[in-house]
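Asks: To start, I am sharing the structure in question, which I have written as structure tokens.
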Amino acid sequence: MITVNLYYTGTNGSARAFAEEMVQSGAVAAIRAEDGNVRYEYFFPMDDPETVLLIDRWRDQAAIDAHHDSPMMAKIAALREKYDLHMKVERFVSDDSALSEKDMKFIKE
């Protein structure tokens, strides 16, 4: 699995407006339905009202490449421009290992 955290930052609530339009326009539902998408969710940092975090998880690089080659990317890019958003990106590749016993001591299920 590959997880990409995208931090969208704008001004005057534009990042949240972008996320709301992505949801209301059906873009989020369409992305979630793409082959290989595992997770696509927006979160709002408590200490930064001008930033939205998107957690975007894909089965593999081929699924991400297909998404990047899809017509959906033009829609996303247009909305980013509309809301004048800036981005910071973090990428994580899953190592598929289980949590250690020490880790599990701190997790309540």
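By order of appearance in the structure tokens: chains A, B, ..., then residues from 1 within every chain, and ligands from 1 in the order shown.
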Among chain A, which residues does DSSP mark as strand (DSSP E) when it is run on the backbone? Keep the chain and numbering as in the structure and answer as a PyMOL selection string.

Replies: chain A and resi 2-9+37-43+51-58+86-93

Asks: Put those residues in a file: N, CA and C atoms, as a PDB file, in the first residue's frame.

Replies:
```pdb
ATOM      1  N   ILE A   2       0.379   2.266  -0.661  1.00  0.00           N
ATOM      2  CA  ILE A   2       1.053   3.556  -0.674  1.00  0.00           C
ATOM      3  C   ILE A   2       0.056   4.590  -0.148  1.00  0.00           C
ATOM      4  N   THR A   3       0.472   5.332   0.866  1.00  0.00           N
ATOM      5  CA  THR A   3      -0.359   6.388   1.440  1.00  0.00           C
ATOM      6  C   THR A   3       0.289   7.719   1.136  1.00  0.00           C
ATOM      7  N   VAL A   4      -0.523   8.640   0.637  1.00  0.00           N
ATOM      8  CA  VAL A   4      -0.047   9.986   0.338  1.00  0.00           C
ATOM      9  C   VAL A   4      -0.864  10.954   1.184  1.00  0.00           C
ATOM     10  N   ASN A   5      -0.165  11.725   2.004  1.00  0.00           N
ATOM     11  CA  ASN A   5      -0.816  12.794   2.761  1.00  0.00           C
ATOM     12  C   ASN A   5      -0.601  14.089   1.997  1.00  0.00           C
ATOM     13  N   LEU A   6      -1.691  14.739   1.621  1.00  0.00           N
ATOM     14  CA  LEU A   6      -1.611  16.016   0.926  1.00  0.00           C
ATOM     15  C   LEU A   6      -2.194  17.090   1.839  1.00  0.00           C
ATOM     16  N   TYR A   7      -1.403  18.091   2.118  1.00  0.00           N
ATOM     17  CA  TYR A   7      -1.837  19.216   2.932  1.00  0.00           C
ATOM     18  C   TYR A   7      -2.165  20.364   1.987  1.00  0.00           C
ATOM     19  N   TYR A   8      -3.440  20.707   1.878  1.00  0.00           N
ATOM     20  CA  TYR A   8      -3.879  21.831   1.057  1.00  0.00           C
ATOM     21  C   TYR A   8      -4.000  23.050   1.964  1.00  0.00           C
ATOM     22  N   THR A   9      -3.340  24.130   1.587  1.00  0.00           N
ATOM     23  CA  THR A   9      -3.395  25.347   2.381  1.00  0.00           C
ATOM     24  C   THR A   9      -3.834  26.510   1.505  1.00  0.00           C
ATOM     25  N   ASN A  37      -8.053   2.293  -5.336  1.00  0.00           N
ATOM     26  CA  ASN A  37      -8.149   3.266  -4.242  1.00  0.00           C
ATOM     27  C   ASN A  37      -8.618   2.555  -2.983  1.00  0.00           C
ATOM     28  N   VAL A  38      -7.907   2.783  -1.898  1.00  0.00           N
ATOM     29  CA  VAL A  38      -8.217   2.144  -0.621  1.00  0.00           C
ATOM     30  C   VAL A  38      -8.813   3.148   0.354  1.00  0.00           C
ATOM     31  N   ARG A  39      -8.375   4.405   0.269  1.00  0.00           N
ATOM     32  CA  ARG A  39      -8.856   5.423   1.198  1.00  0.00           C
ATOM     33  C   ARG A  39      -8.701   6.795   0.556  1.00  0.00           C
ATOM     34  N   TYR A  40      -9.704   7.645   0.770  1.00  0.00           N
ATOM     35  CA  TYR A  40      -9.660   9.019   0.283  1.00  0.00           C
ATOM     36  C   TYR A  40     -10.512   9.830   1.245  1.00  0.00           C
ATOM     37  N   GLU A  41      -9.857  10.469   2.228  1.00  0.00           N
ATOM     38  CA  GLU A  41     -10.594  11.185   3.271  1.00  0.00           C
ATOM     39  C   GLU A  41      -9.923  12.501   3.618  1.00  0.00           C
ATOM     40  N   TYR A  42     -10.755  13.513   3.867  1.00  0.00           N
ATOM     41  CA  TYR A  42     -10.266  14.825   4.297  1.00  0.00           C
ATOM     42  C   TYR A  42     -10.373  14.964   5.807  1.00  0.00           C
ATOM     43  N   PHE A  43      -9.369  15.639   6.389  1.00  0.00           N
ATOM     44  CA  PHE A  43      -9.347  15.938   7.815  1.00  0.00           C
ATOM     45  C   PHE A  43      -8.956  17.398   8.001  1.00  0.00           C
ATOM     46  N   THR A  51      -5.805  24.940   6.611  1.00  0.00           N
ATOM     47  CA  THR A  51      -5.236  23.743   5.992  1.00  0.00           C
ATOM     48  C   THR A  51      -6.215  22.585   6.078  1.00  0.00           C
ATOM     49  N   VAL A  52      -6.229  21.776   5.036  1.00  0.00           N
ATOM     50  CA  VAL A  52      -6.995  20.536   4.993  1.00  0.00           C
ATOM     51  C   VAL A  52      -6.010  19.423   4.666  1.00  0.00           C
ATOM     52  N   LEU A  53      -6.117  18.316   5.387  1.00  0.00           N
ATOM     53  CA  LEU A  53      -5.283  17.145   5.134  1.00  0.00           C
ATOM     54  C   LEU A  53      -6.110  16.116   4.384  1.00  0.00           C
ATOM     55  N   LEU A  54      -5.591  15.669   3.254  1.00  0.00           N
ATOM     56  CA  LEU A  54      -6.182  14.561   2.516  1.00  0.00           C
ATOM     57  C   LEU A  54      -5.309  13.342   2.734  1.00  0.00           C
ATOM     58  N   ILE A  55      -5.905  12.263   3.227  1.00  0.00           N
ATOM     59  CA  ILE A  55      -5.210  10.981   3.310  1.00  0.00           C
ATOM     60  C   ILE A  55      -5.712  10.143   2.144  1.00  0.00           C
ATOM     61  N   ASP A  56      -4.797   9.824   1.252  1.00  0.00           N
ATOM     62  CA  ASP A  56      -5.089   9.177  -0.020  1.00  0.00           C
ATOM     63  C   ASP A  56      -4.262   7.887  -0.086  1.00  0.00           C
ATOM     64  N   ARG A  57      -4.920   6.732  -0.045  1.00  0.00           N
ATOM     65  CA  ARG A  57      -4.193   5.447  -0.017  1.00  0.00           C
ATOM     66  C   ARG A  57      -4.567   4.621  -1.247  1.00  0.00           C
ATOM     67  N   TRP A  58      -3.526   4.015  -1.834  1.00  0.00           N
ATOM     68  CA  TRP A  58      -3.684   3.237  -3.055  1.00  0.00           C
ATOM     69  C   TRP A  58      -3.031   1.867  -2.909  1.00  0.00           C
ATOM     70  N   HIS A  86      -2.104  25.849  -2.071  1.00  0.00           N
ATOM     71  CA  HIS A  86      -0.706  25.418  -2.091  1.00  0.00           C
ATOM     72  C   HIS A  86      -0.672  24.056  -1.414  1.00  0.00           C
ATOM     73  N   MET A  87       0.317  23.242  -1.774  1.00  0.00           N
ATOM     74  CA  MET A  87       0.336  21.866  -1.284  1.00  0.00           C
ATOM     75  C   MET A  87       1.678  21.474  -0.708  1.00  0.00           C
ATOM     76  N   LYS A  88       1.595  20.617   0.296  1.00  0.00           N
ATOM     77  CA  LYS A  88       2.756  19.899   0.825  1.00  0.00           C
ATOM     78  C   LYS A  88       2.377  18.425   0.760  1.00  0.00           C
ATOM     79  N   VAL A  89       3.314  17.581   0.342  1.00  0.00           N
ATOM     80  CA  VAL A  89       3.004  16.165   0.141  1.00  0.00           C
ATOM     81  C   VAL A  89       3.977  15.298   0.932  1.00  0.00           C
ATOM     82  N   GLU A  90       3.416  14.279   1.578  1.00  0.00           N
ATOM     83  CA  GLU A  90       4.210  13.245   2.261  1.00  0.00           C
ATOM     84  C   GLU A  90       3.764  11.905   1.682  1.00  0.00           C
ATOM     85  N   ARG A  91       4.710  11.022   1.456  1.00  0.00           N
ATOM     86  CA  ARG A  91       4.402   9.712   0.868  1.00  0.00           C
ATOM     87  C   ARG A  91       4.961   8.616   1.772  1.00  0.00           C
ATOM     88  N   PHE A  92       4.135   7.594   2.018  1.00  0.00           N
ATOM     89  CA  PHE A  92       4.518   6.484   2.884  1.00  0.00           C
ATOM     90  C   PHE A  92       4.214   5.163   2.187  1.00  0.00           C
ATOM     91  N   VAL A  93       5.152   4.245   2.243  1.00  0.00           N
ATOM     92  CA  VAL A  93       4.949   2.914   1.685  1.00  0.00           C
ATOM     93  C   VAL A  93       4.838   1.950   2.857  1.00  0.00           C
TER      94      VAL A  93
END
```

Asks: Report as a tab-separated table: every residue of range 55-103 of chain A with an atom at most 9 Å from range 12-26 of chain A, its closest pair of atoms, and their distance in Å to one decimal, counting only C-alpha atoms, with rows sorted by chain and ascending residue number.

Replies:
```
residue	atom	partner	partner_atom	distance
A:Ile76	CA	A:Met22	CA	7.9
A:Leu79	CA	A:Phe18	CA	6.7
A:Arg80	CA	A:Phe18	CA	7.2
A:Lys82	CA	A:Phe18	CA	8.4
A:Tyr83	CA	A:Ser14	CA	5.5
A:Asp84	CA	A:Ser14	CA	7.6
A:Leu85	CA	A:Ala15	CA	6.7
```

Asks: Restrict the selected residues to C-alpha atoms and save them as a compact mmCIF listing (two decimals), in the first residue's frame.

Replies:
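Result went into out-v1.txt, see below:
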```txt
# COMPACT_ATOMS: atom_id res chain seq x y z
CA ILE A 76 -8.90 18.33 -9.25
CA LEU A 79 -10.44 23.19 -8.35
CA ARG A 80 -7.00 23.68 -6.80
CA LYS A 82 -10.03 28.00 -8.36
CA TYR A 83 -9.28 28.03 -4.63
CA ASP A 84 -5.61 29.09 -5.06
CA LEU A 85 -4.31 26.25 -2.91
```

Asks: Residues of range 2-75 of chain A classed as alpha helix (DSSP H) by DSSP on the backbone are to be reported as a ChimeraX atom specification.

Replies: /A:14-24,27-32,61-68,72-75

Asks: Select, from A:Ser70, A:Glu50, A:Gly10, A:Ser100, the residue with the minimum atom-to-atom distance to Asp35 in chain A, counting only C-alpha atoms.

Replies: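 Under the stated criterion, the closest residue is A:Ser70.
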
Asks: Return the single residue from A:Pro49, A:Ile31, A:Thr11, A:Ser94 that is closest to Ala63 in chain A, with distances computed using only C-alpha atoms.

Replies: A:Ile31

Asks: A:Ala78, A:Asp47, A:Met1, A:Arg32: which is nearest Arg59 in chain A, counting only C-alpha atoms?

Replies: A:Met1

Asks: Between CA of Ile64 in chain A and CA of Pro45 in chain A, what is the distance in Å, rounded to a tenth?

Replies: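 For CA of Ile64 in chain A relative to CA of Pro45 in chain A, the distance reads 25.1 Å.
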
Asks: What is the distance, in Å and to one decimal place, between CA of Ala27 in chain A and CA of Met72 in chain A?

Replies: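 That distance, rounded to one decimal, is 7.5 Å.
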
Asks: Could you work out how far CA of Gln61 in chain A lies from CA of Glu34 in chain A, giving the answer in Å with one decimal?

Replies: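 CA of Gln61 in chain A lies 13.5 Å from CA of Glu34 in chain A.
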